[in-house]
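What follows is entry_38.txt (compact mmCIF, C-alpha atoms and all ligand atoms).
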# COMPACT_ATOMS: atom_id res chain seq x y z
CA MET A 1 -66.34 -66.50 181.56
CA ALA A 2 -69.28 -64.19 181.92
CA GLU A 3 -71.63 -67.13 181.64
CA LEU A 4 -72.94 -69.48 184.27
CA PRO A 5 -72.80 -73.15 183.17
CA ASN A 6 -76.41 -73.01 182.04
CA GLY A 7 -75.72 -69.97 179.82
CA LYS A 8 -77.27 -67.40 182.14
CA ARG A 9 -75.27 -64.26 182.80
CA SER A 10 -73.12 -64.26 185.89
CA LYS A 11 -72.16 -60.60 185.73
CA TRP A 12 -73.16 -57.32 184.16
CA THR A 13 -72.36 -57.33 180.46
CA VAL A 14 -75.16 -55.55 178.70
CA ARG A 15 -74.36 -55.22 175.02
CA ALA A 16 -75.88 -52.98 172.41
CA SER A 17 -77.77 -55.06 169.86
CA ASP A 18 -76.19 -55.97 166.55
CA MET A 19 -78.78 -53.79 164.85
CA ALA A 20 -77.90 -50.78 166.95
CA ASN A 21 -74.23 -51.37 166.23
CA ARG A 22 -74.94 -51.59 162.51
CA THR A 23 -76.81 -48.29 162.49
CA HIS A 24 -74.81 -45.27 161.41
CA ASN A 25 -75.76 -41.86 160.18
CA PRO A 26 -72.75 -40.96 158.05
CA ILE A 27 -73.28 -37.23 158.53
CA ARG A 28 -73.07 -37.55 162.30
CA ALA A 29 -70.25 -40.06 162.18
CA ILE A 30 -68.15 -37.93 159.82
CA VAL A 31 -68.93 -34.45 161.13
CA ASP A 32 -68.49 -35.43 164.77
CA GLY A 33 -65.15 -37.00 163.85
CA LEU A 34 -63.80 -33.76 162.35
CA LYS A 35 -61.58 -31.64 164.51
CA LEU A 36 -63.01 -28.21 163.84
CA GLU A 37 -61.20 -25.21 165.27
CA PRO A 38 -62.77 -22.01 163.97
CA ASN A 39 -60.72 -18.87 163.53
CA PRO A 40 -61.40 -16.95 166.78
CA ASP A 41 -61.32 -13.64 164.89
CA LYS A 42 -64.20 -14.52 162.58
CA ASP A 43 -67.80 -15.37 163.44
CA PHE A 44 -68.70 -18.97 162.65
CA ILE A 45 -70.96 -19.55 159.64
CA ALA A 46 -72.45 -23.05 159.34
CA LEU A 47 -73.38 -23.73 155.73
CA SER A 48 -73.72 -27.38 156.61
CA LEU A 49 -77.07 -27.67 158.33
CA GLY A 50 -80.18 -28.63 156.38
CA ASP A 51 -82.55 -26.96 158.81
CA PRO A 52 -84.11 -23.79 157.39
CA THR A 53 -85.26 -22.56 160.80
CA LEU A 54 -81.79 -22.11 162.26
CA PHE A 55 -81.02 -18.55 161.24
CA GLY A 56 -84.28 -16.81 162.04
CA ASN A 57 -84.78 -15.47 158.50
CA LEU A 58 -87.39 -18.11 157.69
CA SER A 59 -90.22 -19.14 159.94
CA ILE A 60 -93.71 -20.55 159.91
CA CYS A 61 -96.66 -18.41 158.95
CA GLU A 62 -98.97 -16.88 161.52
CA GLU A 63 -101.88 -19.08 160.32
CA MET A 64 -99.97 -22.24 161.11
CA ARG A 65 -98.93 -21.01 164.50
CA GLU A 66 -102.52 -20.15 165.36
CA THR A 67 -103.84 -23.46 164.07
CA VAL A 68 -101.53 -25.46 166.29
CA CYS A 69 -102.27 -23.23 169.29
CA ASP A 70 -106.00 -23.77 168.69
CA VAL A 71 -105.49 -27.53 168.57
CA VAL A 72 -103.56 -27.47 171.83
CA ASN A 73 -106.15 -25.25 173.50
CA GLY A 74 -109.02 -27.33 172.14
CA MET A 75 -107.88 -30.27 174.30
CA LYS A 76 -109.40 -32.73 171.82
CA SER A 77 -106.22 -34.14 170.38
CA ASN A 78 -104.41 -35.53 173.36
CA GLY A 79 -105.32 -39.18 173.00
CA TYR A 80 -103.91 -41.95 170.87
CA GLY A 81 -104.88 -41.69 167.25
CA PRO A 82 -105.34 -44.63 164.90
CA ALA A 83 -101.98 -46.17 163.95
CA LEU A 84 -102.32 -45.01 160.34
CA GLY A 85 -103.14 -41.47 161.43
CA LEU A 86 -106.31 -39.52 162.24
CA GLU A 87 -108.91 -40.14 159.56
CA PHE A 88 -109.58 -36.44 158.84
CA ALA A 89 -105.85 -35.70 158.67
CA ARG A 90 -105.30 -38.53 156.18
CA ALA A 91 -108.28 -37.27 154.17
CA ALA A 92 -106.73 -33.79 154.09
CA VAL A 93 -103.42 -35.17 152.85
CA ALA A 94 -105.27 -37.24 150.21
CA LYS A 95 -107.12 -34.14 149.01
CA GLN A 96 -103.99 -32.01 148.95
CA PHE A 97 -101.99 -34.47 146.84
CA SER A 98 -104.70 -35.94 144.60
CA ILE A 99 -104.03 -35.38 140.94
CA PRO A 100 -106.03 -36.64 137.97
CA GLU A 101 -103.35 -39.25 137.23
CA SER A 102 -103.37 -40.42 140.83
CA PRO A 103 -106.62 -39.75 142.70
CA LEU A 104 -106.24 -40.45 146.41
CA THR A 105 -108.57 -41.16 149.30
CA SER A 106 -107.71 -41.37 152.97
CA LYS A 107 -107.20 -45.13 152.43
CA ASP A 108 -104.17 -44.32 150.29
CA VAL A 109 -102.47 -42.30 153.02
CA VAL A 110 -100.38 -43.45 155.96
CA LEU A 111 -99.04 -40.84 158.36
CA GLY A 112 -95.58 -41.28 159.81
CA CYS A 113 -93.10 -39.63 162.14
CA GLY A 114 -91.46 -37.22 159.76
CA CYS A 115 -90.73 -38.01 156.16
CA SER A 116 -87.89 -40.15 157.56
CA GLY A 117 -90.38 -42.31 159.43
CA ALA A 118 -92.45 -42.61 156.25
CA ILE A 119 -89.36 -43.67 154.30
CA GLU A 120 -88.55 -46.24 156.94
CA MET A 121 -92.01 -47.81 156.71
CA ALA A 122 -91.98 -47.71 152.91
CA LEU A 123 -88.59 -49.44 152.75
CA LEU A 124 -89.59 -51.97 155.36
CA VAL A 125 -92.78 -52.95 153.60
CA LEU A 126 -90.92 -53.52 150.31
CA ALA A 127 -87.59 -55.08 151.28
CA ASN A 128 -86.31 -58.10 153.19
CA PRO A 129 -82.86 -58.48 154.74
CA GLY A 130 -80.44 -59.36 151.95
CA ASP A 131 -82.44 -57.44 149.33
CA ASN A 132 -80.95 -54.40 147.65
CA VAL A 133 -82.50 -51.01 147.08
CA LEU A 134 -81.30 -48.58 144.43
CA VAL A 135 -80.62 -45.14 145.86
CA PRO A 136 -79.37 -41.90 144.31
CA TRP A 137 -75.65 -41.25 144.61
CA PRO A 138 -74.98 -38.72 145.95
CA GLY A 139 -78.15 -38.99 147.97
CA PHE A 140 -79.82 -38.29 151.29
CA SER A 141 -77.91 -40.23 153.93
CA ILE A 142 -80.91 -41.74 155.70
CA TYR A 143 -81.43 -44.28 152.92
CA ARG A 144 -78.04 -45.77 153.74
CA THR A 145 -78.57 -45.49 157.48
CA LEU A 146 -81.81 -47.44 157.28
CA ALA A 147 -80.34 -49.97 154.87
CA GLY A 148 -77.52 -50.61 157.34
CA SER A 149 -79.93 -51.14 160.22
CA TYR A 150 -82.16 -53.55 158.38
CA GLN A 151 -79.52 -55.34 156.33
CA PHE A 152 -80.62 -54.11 152.95
CA GLU A 153 -77.87 -53.31 150.51
CA ALA A 154 -78.07 -49.68 149.33
CA ARG A 155 -76.78 -49.59 145.75
CA GLY A 156 -76.06 -46.08 144.55
CA TYR A 157 -76.96 -45.13 141.00
CA LYS A 158 -74.90 -42.21 139.77
CA LEU A 159 -76.29 -38.72 139.45
CA LEU A 160 -74.48 -36.70 136.82
CA PRO A 161 -73.36 -33.19 137.79
CA GLU A 162 -72.69 -32.30 134.15
CA LYS A 163 -76.34 -33.07 133.39
CA SER A 164 -77.83 -31.05 136.25
CA TRP A 165 -77.77 -34.15 138.43
CA GLU A 166 -79.87 -36.36 136.20
CA ALA A 167 -79.58 -40.07 136.97
CA ASP A 168 -77.25 -42.22 134.89
CA LEU A 169 -79.96 -44.54 133.60
CA GLU A 170 -77.61 -47.15 132.21
CA HIS A 171 -75.87 -47.34 135.54
CA MET A 172 -79.20 -47.57 137.35
CA GLU A 173 -80.31 -50.43 135.11
CA SER A 174 -77.00 -52.26 135.51
CA LEU A 175 -77.51 -52.44 139.28
CA ILE A 176 -80.79 -54.32 139.09
CA ASP A 177 -80.79 -58.01 139.93
CA GLU A 178 -83.17 -60.60 141.34
CA LYS A 179 -82.67 -59.19 144.85
CA THR A 180 -83.67 -55.63 143.97
CA ALA A 181 -86.68 -54.54 145.99
CA CYS A 182 -87.32 -50.99 144.77
CA ILE A 183 -85.86 -47.87 143.19
CA VAL A 184 -85.62 -44.81 145.42
CA VAL A 185 -86.07 -41.52 143.57
CA ASN A 186 -85.58 -38.10 145.15
CA SER A 187 -86.56 -35.02 143.16
CA PRO A 188 -86.09 -32.18 144.08
CA SER A 189 -83.07 -33.61 145.76
CA ASN A 190 -80.88 -33.39 148.77
CA PRO A 191 -77.89 -32.86 148.54
CA CYS A 192 -77.89 -31.67 144.91
CA GLY A 193 -80.97 -29.53 144.43
CA GLY A 194 -81.55 -31.44 141.21
CA VAL A 195 -85.05 -31.56 139.71
CA PHE A 196 -85.89 -34.34 137.27
CA THR A 197 -87.72 -33.37 134.09
CA LYS A 198 -90.89 -35.13 133.03
CA GLU A 199 -89.00 -36.97 130.29
CA HIS A 200 -86.33 -38.13 132.71
CA LEU A 201 -88.93 -39.42 135.15
CA GLN A 202 -90.64 -41.22 132.25
CA ASP A 203 -87.33 -42.94 131.49
CA ILE A 204 -86.94 -43.99 135.13
CA CYS A 205 -90.52 -45.28 135.20
CA ALA A 206 -89.80 -47.25 132.02
CA ILE A 207 -86.93 -49.02 133.77
CA ALA A 208 -89.08 -49.70 136.83
CA GLU A 209 -91.81 -51.07 134.56
CA ARG A 210 -89.42 -53.29 132.59
CA TYR A 211 -88.19 -54.96 135.78
CA HIS A 212 -91.47 -54.73 137.68
CA LEU A 213 -89.93 -52.73 140.50
CA PRO A 214 -91.93 -50.35 142.68
CA ILE A 215 -90.62 -46.82 143.13
CA LEU A 216 -90.14 -45.19 146.51
CA SER A 217 -90.33 -41.51 145.68
CA ASP A 218 -88.98 -39.18 148.35
CA GLU A 219 -90.88 -35.96 147.64
CA VAL A 220 -90.19 -34.06 150.82
CA TYR A 221 -89.25 -31.12 148.52
CA ALA A 222 -92.42 -31.39 146.42
CA GLY A 223 -93.11 -28.10 144.67
CA MET A 224 -89.86 -26.54 145.84
CA VAL A 225 -88.45 -25.61 142.43
CA PHE A 226 -87.08 -22.39 141.02
CA PRO A 227 -88.91 -20.49 138.24
CA GLY A 228 -88.21 -22.11 134.88
CA HIS A 229 -88.33 -25.61 136.36
CA THR A 230 -91.40 -27.75 136.97
CA PHE A 231 -92.02 -30.20 139.74
CA HIS A 232 -93.53 -33.50 138.64
CA SER A 233 -94.51 -36.07 141.19
CA VAL A 234 -93.47 -39.55 140.13
CA ALA A 235 -97.07 -40.74 140.64
CA SER A 236 -98.23 -38.28 137.96
CA ILE A 237 -95.98 -40.04 135.46
CA ALA A 238 -95.95 -43.66 136.63
CA LYS A 239 -98.95 -44.97 134.69
CA ASN A 240 -97.84 -48.58 134.94
CA VAL A 241 -95.67 -48.59 138.04
CA PRO A 242 -96.67 -48.72 141.71
CA VAL A 243 -95.23 -45.88 143.77
CA LEU A 244 -94.97 -45.16 147.47
CA THR A 245 -94.54 -41.40 147.68
CA CYS A 246 -93.01 -40.15 150.92
CA GLY A 247 -93.52 -36.54 151.92
CA GLY A 248 -93.86 -34.34 154.93
CA LEU A 249 -94.24 -30.90 156.41
CA ALA A 250 -90.56 -30.50 157.29
CA LYS A 251 -89.10 -28.46 154.50
CA ARG A 252 -91.94 -26.79 152.63
CA TYR A 253 -93.64 -25.65 155.82
CA LEU A 254 -90.36 -24.97 157.63
CA VAL A 255 -91.11 -27.25 160.59
CA PRO A 256 -88.62 -30.13 160.53
CA GLY A 257 -89.00 -30.46 164.30
CA TRP A 258 -92.71 -31.23 164.05
CA ARG A 259 -91.96 -34.73 162.73
CA LEU A 260 -94.96 -35.15 160.48
CA GLY A 261 -94.70 -37.16 157.30
CA TRP A 262 -96.80 -39.37 155.07
CA ILE A 263 -96.84 -42.15 152.53
CA LEU A 264 -99.11 -41.83 149.51
CA ILE A 265 -100.00 -45.13 147.87
CA HIS A 266 -100.19 -45.01 144.07
CA ASP A 267 -101.04 -48.39 142.64
CA PRO A 268 -102.43 -48.15 139.11
CA MET A 269 -101.69 -51.83 138.30
CA ASP A 270 -103.02 -53.19 141.58
CA ALA A 271 -99.54 -54.56 142.12
CA PHE A 272 -99.47 -53.89 145.86
CA LYS A 273 -102.83 -55.60 146.35
CA GLU A 274 -104.06 -55.84 149.91
CA GLU A 275 -100.82 -57.28 151.18
CA VAL A 276 -98.66 -54.17 150.96
CA ARG A 277 -101.41 -51.98 152.39
CA GLN A 278 -101.86 -54.42 155.25
CA GLY A 279 -98.06 -54.51 155.66
CA LEU A 280 -97.98 -50.73 156.03
CA MET A 281 -100.80 -50.96 158.53
CA ASN A 282 -98.84 -53.56 160.51
CA LEU A 283 -95.76 -51.37 160.49
CA ALA A 284 -97.78 -48.34 161.59
CA THR A 285 -98.90 -50.20 164.69
CA ARG A 286 -95.33 -50.34 165.95
CA ILE A 287 -95.41 -46.73 167.13
CA LEU A 288 -99.01 -45.57 166.59
CA GLY A 289 -98.43 -42.61 164.32
CA PRO A 290 -97.00 -39.13 164.71
CA CYS A 291 -97.93 -36.46 167.25
CA THR A 292 -101.71 -35.98 167.23
CA LEU A 293 -101.44 -32.23 167.83
CA VAL A 294 -99.70 -31.78 164.50
CA GLN A 295 -101.92 -34.34 162.78
CA ALA A 296 -105.01 -32.46 163.87
CA ALA A 297 -103.59 -29.21 162.50
CA ILE A 298 -102.99 -30.61 159.01
CA PRO A 299 -106.30 -29.72 157.33
CA LYS A 300 -106.01 -26.05 158.27
CA ILE A 301 -102.31 -25.95 157.53
CA PHE A 302 -103.13 -26.96 153.94
CA THR A 303 -106.13 -24.68 153.51
CA ASP A 304 -104.95 -21.57 155.36
CA THR A 305 -101.30 -21.18 154.38
CA PRO A 306 -101.10 -18.17 152.08
CA SER A 307 -99.27 -18.76 148.81
CA GLU A 308 -96.79 -15.96 149.60
CA PHE A 309 -95.50 -18.15 152.39
CA TYR A 310 -94.20 -20.70 149.90
CA THR A 311 -92.79 -18.16 147.49
CA LYS A 312 -90.99 -16.27 150.22
CA SER A 313 -88.76 -19.17 151.19
CA MET A 314 -88.21 -20.22 147.58
CA ASP A 315 -87.14 -16.67 146.78
CA VAL A 316 -84.54 -16.87 149.53
CA PHE A 317 -83.22 -20.25 148.34
CA GLN A 318 -83.07 -19.10 144.74
CA ALA A 319 -81.45 -15.72 145.41
CA ASN A 320 -78.78 -17.40 147.52
CA ALA A 321 -78.23 -20.15 144.95
CA GLU A 322 -77.68 -17.56 142.22
CA LEU A 323 -75.42 -15.48 144.36
CA ILE A 324 -73.34 -18.53 145.29
CA TYR A 325 -73.23 -19.73 141.70
CA ASP A 326 -72.10 -16.36 140.38
CA ALA A 327 -69.36 -16.10 142.97
CA LEU A 328 -68.07 -19.67 142.85
CA SER A 329 -68.04 -20.02 139.09
CA HIS A 330 -65.36 -17.34 139.00
CA ILE A 331 -63.16 -19.04 141.55
CA PRO A 332 -60.42 -21.05 139.84
CA GLY A 333 -60.49 -24.67 140.93
CA LEU A 334 -64.16 -24.80 141.98
CA PHE A 335 -67.00 -26.28 139.96
CA PRO A 336 -70.38 -25.13 141.20
CA VAL A 337 -73.49 -26.88 139.90
CA MET A 338 -76.54 -24.61 139.84
CA PRO A 339 -79.45 -26.29 141.63
CA CYS A 340 -82.98 -26.21 140.17
CA GLY A 341 -84.80 -26.35 143.51
CA ALA A 342 -84.72 -27.49 147.15
CA MET A 343 -82.32 -25.70 149.51
CA TYR A 344 -78.86 -27.05 148.77
CA PHE A 345 -75.91 -26.36 146.54
CA MET A 346 -73.10 -28.72 145.59
CA PHE A 347 -69.74 -27.66 144.25
CA GLY A 348 -66.78 -29.71 143.13
CA ILE A 349 -63.16 -28.98 143.97
CA ASP A 350 -60.26 -29.69 141.65
CA MET A 351 -57.94 -30.94 144.40
CA ASP A 352 -54.85 -31.03 142.17
CA LYS A 353 -55.01 -27.27 141.88
CA PHE A 354 -54.78 -26.54 145.58
CA VAL A 355 -52.03 -26.84 148.15
CA GLY A 356 -52.78 -27.31 151.83
CA PHE A 357 -55.50 -29.92 151.48
CA ASN A 358 -55.93 -33.17 149.56
CA ASP A 359 -59.59 -34.04 149.87
CA ASP A 360 -62.98 -32.61 150.80
CA MET A 361 -62.46 -33.47 154.47
CA GLU A 362 -59.25 -31.46 154.62
CA PHE A 363 -60.80 -28.66 152.56
CA VAL A 364 -63.69 -28.19 155.00
CA THR A 365 -61.44 -28.50 158.06
CA LYS A 366 -58.97 -25.89 156.80
CA LEU A 367 -61.77 -23.60 155.69
CA VAL A 368 -63.10 -23.66 159.25
CA GLU A 369 -59.65 -23.05 160.72
CA GLU A 370 -58.93 -20.08 158.50
CA GLU A 371 -62.33 -18.60 157.67
CA SER A 372 -64.79 -20.06 160.24
CA VAL A 373 -67.02 -21.27 157.41
CA PHE A 374 -68.25 -24.84 157.58
CA CYS A 375 -69.42 -26.78 154.52
CA LEU A 376 -70.57 -30.40 154.61
CA PRO A 377 -67.91 -32.67 153.10
CA GLY A 378 -68.99 -34.81 150.15
CA LYS A 379 -67.74 -37.82 152.09
CA CYS A 380 -71.04 -37.73 153.99
CA PHE A 381 -72.66 -38.74 150.70
CA GLU A 382 -69.78 -40.97 149.63
CA TYR A 383 -69.12 -38.31 147.03
CA PRO A 384 -65.53 -37.16 147.42
CA ASN A 385 -64.15 -33.83 146.24
CA PHE A 386 -67.54 -32.16 146.44
CA VAL A 387 -69.06 -30.23 149.29
CA ARG A 388 -72.66 -29.34 150.08
CA ILE A 389 -73.75 -25.97 151.34
CA VAL A 390 -77.24 -24.76 152.19
CA THR A 391 -79.07 -21.89 150.52
CA SER A 392 -81.27 -21.02 153.49
CA LEU A 393 -79.07 -18.49 155.28
CA PRO A 394 -79.78 -14.77 155.40
CA LYS A 395 -78.29 -13.03 152.38
CA GLU A 396 -75.60 -11.15 154.37
CA LYS A 397 -74.31 -14.39 155.82
CA THR A 398 -74.29 -16.08 152.42
CA VAL A 399 -72.42 -13.13 150.92
CA ALA A 400 -69.88 -13.16 153.75
CA ALA A 401 -69.42 -16.93 153.46
CA VAL A 402 -68.75 -16.98 149.71
CA GLU A 403 -66.43 -14.00 150.05
CA ARG A 404 -64.41 -15.97 152.60
CA ILE A 405 -64.43 -19.11 150.43
CA LYS A 406 -63.09 -16.94 147.63
CA ASP A 407 -60.23 -15.56 149.77
CA PHE A 408 -59.46 -19.03 151.05
CA CYS A 409 -59.29 -20.55 147.57
CA ALA A 410 -57.18 -17.66 146.27
CA ARG A 411 -54.65 -18.27 149.04
CA HIS A 412 -54.40 -21.97 148.32
CA TYR A 413 -54.75 -22.07 144.55
CA CYS A 414 -51.67 -23.11 142.64
CA GLY A 415 -52.95 -23.86 139.13
CA SER A 416 -52.90 -21.49 136.19
CA ALA A 417 -55.61 -18.88 136.45
CA ASP A 418 -56.92 -19.19 132.91
CA MET A 419 -59.99 -21.11 134.08
CA ALA A 420 -61.25 -18.20 136.09
CA GLU A 421 -64.24 -17.51 133.87
CA GLY A 422 -67.46 -19.46 134.00
CA ASN A 423 -66.45 -22.91 135.19
CA GLY A 424 -69.86 -23.64 136.61
CA ILE A 425 -72.52 -26.03 135.37
CA LYS A 426 -75.98 -24.60 134.86
C1 LIG B 1 -84.93 -33.52 155.20
C2 LIG B 1 -85.18 -34.69 154.35
C3 LIG B 1 -86.04 -35.72 154.76
C4 LIG B 1 -86.51 -35.84 156.19
O1 LIG B 1 -87.66 -35.25 156.49
P1 LIG B 1 -88.20 -35.32 158.00
O2 LIG B 1 -89.63 -35.02 157.84
O3 LIG B 1 -87.46 -34.28 158.76
O4 LIG B 1 -87.94 -36.67 158.53
C5 LIG B 1 -86.33 -36.77 153.88
N1 LIG B 1 -85.74 -36.80 152.66
C6 LIG B 1 -84.89 -35.85 152.24
C7 LIG B 1 -84.30 -35.96 150.89
C8 LIG B 1 -84.57 -34.78 153.08
O5 LIG B 1 -83.68 -33.86 152.68
Go ahead and express the file in the form of structure tokens.
Amino acid sequence: MAELPNGKRSKWTVRASDMANRTHNPIRAIVDGLKLEPNPDKDFIALSLGDPTLFGNLSICEEMRETVCDVVNGMKSNGYGPALGLEFARAAVAKQFSIPESPLTSKDVVLGCGCSGAIEMALLVLANPGDNVLVPWPGFSIYRTLAGSYQFEARGYKLLPEKSWEADLEHMESLIDEKTACIVVNSPSNPCGGVFTKEHLQDICAIAERYHLPILSDEVYAGMVFPGHTFHSVASIAKNVPVLTCGGLAKRYLVPGWRLGWILIHDPMDAFKEEVRQGLMNLATRILGPCTLVQAAIPKIFTDTPSEFYTKSMDVFQANAELIYDALSHIPGLFPVMPCGAMYFMFGIDMDKFVGFNDDMEFVTKLVEEESVFCLPGKCFEYPNFVRIVTSLPKEKTVAAVERIKDFCARHYCGSADMAEGNGIK
């Protein structure tokens, strides 16, 4: 029909590629599909967006701003950089993240376009089409998006809300087969705000070691933990397991739009050998690295950022998390799980106890209609009857939002009220 006899096209039928058609970001697909009609009498509060810069209460430090301006004005960073990243920028990343258990040089660092770009390269160097990768469930949606594009199977290992979002190790182990390419670990985590203890990471490393599987550790929230919790990089624990650690400036430095990320290669057993390093190099040549202006600013960003900068945003995330936890744990029918770090908060909903909605999608839609508050439905993480909210809003907005969630739940609650005290998980 559309073909000439020799198979050439006889009319315009330009199709999107199979790969493009296979590529879906569940958050976009699900959120864009919701019909959201906010209550016109109440200002809209989006608790759904994992971008800490959106509300104006958190922004980059003066030192960073000046550093990037100096780079721009210096006119020396406008050309192509090496595909793996500018040598002095890679050296700065190596220095920043070297630890005694995992000393790094610039050769162990690959720069990428955002932490997402780093994750893409790390997955691509480890997995072939038809392979499976173990990912946290609920987990950051990009792992599944990339898996869909490249025909990897993303197998979710359960995180347990009743255990502060620790991984279900038995479940993780049960998913491993001869096609498993790597285990993806994310601590501190999105969407849960879970932080794995040293012992828990040791247990995960033991599984990886038993099956000789490399770990892809997404540490974009490195160091972003609340007092009383400790951040451990997987590389500091993985004595006998190779690890590709993916990180970036996005969250800790409050610049997700700058698109600067990295891979740190930790290979204590020489398991990656030259091949994986060369593979990363090959992959880096596809797009020749991230923006050189930001790359060139990295050394000073690391050395000049005052420590108060980090604590200021963590204080905001923690204060909001506590405020949300205190409020939600007294709302019958809700089950908040206190995060240990990052900038998110998950709470469960006992759907049987509410009238007017039957699942997380209907809960968030109705909450927008009545209270103009938008939470991200758990469906985005294939985790029904939970919702994710962010802890990065100004305090007044967070207070207003939880107050409205409380009113909303009170109006729709139909169970007995004897659960009203302390139904949260800390
Ligand atoms: C935000 C986020 C990223 C993406 O970082 P970019 O640098 O913006 O690409 C990666 N992993 C997790 C878990 C995230 O929440």
Practice prompt. Considering only C-alpha atoms, return as an MDAnalysis selection string whatever protein or nucleic-acid residues lie within 9 Å of Leu328 of chain A, sequence-local ones (same chain, fewer than 3 positions apart) excluded.
Written response: chainID A and resid 323:325 331:332 334:336 347 402 405:406 422:424
Discussion item. At a cut-off of 6 Å around ligand LIG 1 (chain B), and using all atoms listed in the file, what residues come up? Please write them as a ChimeraX atom specification.
Written reply: /A:114-116,140,189-190,218,220,248,250,256,259-261
Practice prompt. Rounded to one decimal place, report the atom CA of Val390 of chain A-atom CA of Phe345 of chain A distance in Å.
Written response: 6.0 Å
Fill in: Among listed residues A:Val387, A:Ile237, A:Pro242, A:Trp262, nearest Pro100 of chain A (using only C-alpha atoms)
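With only C-alpha atoms as the atom set, the closest residue is A:Ile237.
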Worksheet item: A:Ala235, A:Met224, A:Ile45, A:Leu86: which is nearest Glu369 of chain A, counting only C-alpha atoms?
Response: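 Of all the options, A:Ile45 lies closest to Glu369 of chain A.
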Considering all atoms listed in the file, tabulate each residue of segment 46-138 of chain A that lies at most 10 Å from segment 162-176 of chain A along with its nearest interatomic pair and the corresponding distance in Å to one decimal; arrange the rows by chain and ascending residue number and present them as a tab-separated table.
residue	atom	partner	partner_atom	distance
A:Asn132	CA	A:Ile176	CA	8.6
A:Val133	CA	A:Ile176	CA	8.8
A:Leu134	CA	A:Met172	CA	7.5
A:Val135	CA	A:Met172	CA	9.0
A:Pro136	CA	A:Ala167	CA	7.6
A:Trp137	CA	A:Ala167	CA	8.7
A:Pro138	CA	A:Trp165	CA	9.2
Taking only residues of segment 134-188 of chain A that have an atom at most 6 Å from an atom of segment 17-24 of chain A, what is each one's shortest atom pair and its distance in Å to one decimal, using only C-alpha atoms, in chain and number order, as a Markdown table?
| residue | atom | partner | partner_atom | distance |
| --- | --- | --- | --- | --- |
| A:Thr145 | CA | A:His24 | CA | 5.4 |
| A:Gly148 | CA | A:Thr23 | CA | 5.7 |
| A:Ser149 | CA | A:Thr23 | CA | 4.8 |
Give me a file of those residues, with C-alpha atoms, as a compact mmCIF listing (two decimals), in the frame of the given file.
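Once everything was written out, this is out.txt:
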# COMPACT_ATOMS: atom_id res chain seq x y z
CA THR A 145 -78.57 -45.49 157.48
CA GLY A 148 -77.52 -50.61 157.34
CA SER A 149 -79.93 -51.14 160.22
Worksheet item: Of the residues A:Ser98, A:Asn57, A:Thr13, A:Ser217, which is the one nearest to Cys246 of chain A, using all atoms listed in the file?
Response: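 Among A:Ser98, A:Asn57, A:Thr13, A:Ser217, it is A:Ser217 that comes nearest to Cys246 of chain A.
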Item to complete: Could you jot down the atom CA of Ile265 of chain A to atom CA of Gln278 of chain A separation for me, Å, one decimal place?
Response: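 Separation of atom CA of Ile265 of chain A and atom CA of Gln278 of chain A: 12.0 Å.
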Worksheet entry | Atomic separation - atom CA of Gly247 of chain A relative to atom CA of Glu219 of chain A, Å | 5.1 Å
Once 6 Å is added on each side, what centre and edge lengths in Å to one decimal does the axis-aligned box around all listed atoms of segment 238-248 of chain A have, as lines of an AutoDock Vina configuration file?
center_x = -96.0
center_y = -41.5
center_z = 144.8
size_x = 17.9
size_y = 26.4
size_z = 32.2
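Among the candidates A:Gly117, A:Gly112, A:Pro161, A:Gly79, the residue lying nearest to Leu146 of chain A is A:Gly117 (atoms considered: all atoms listed in the file).
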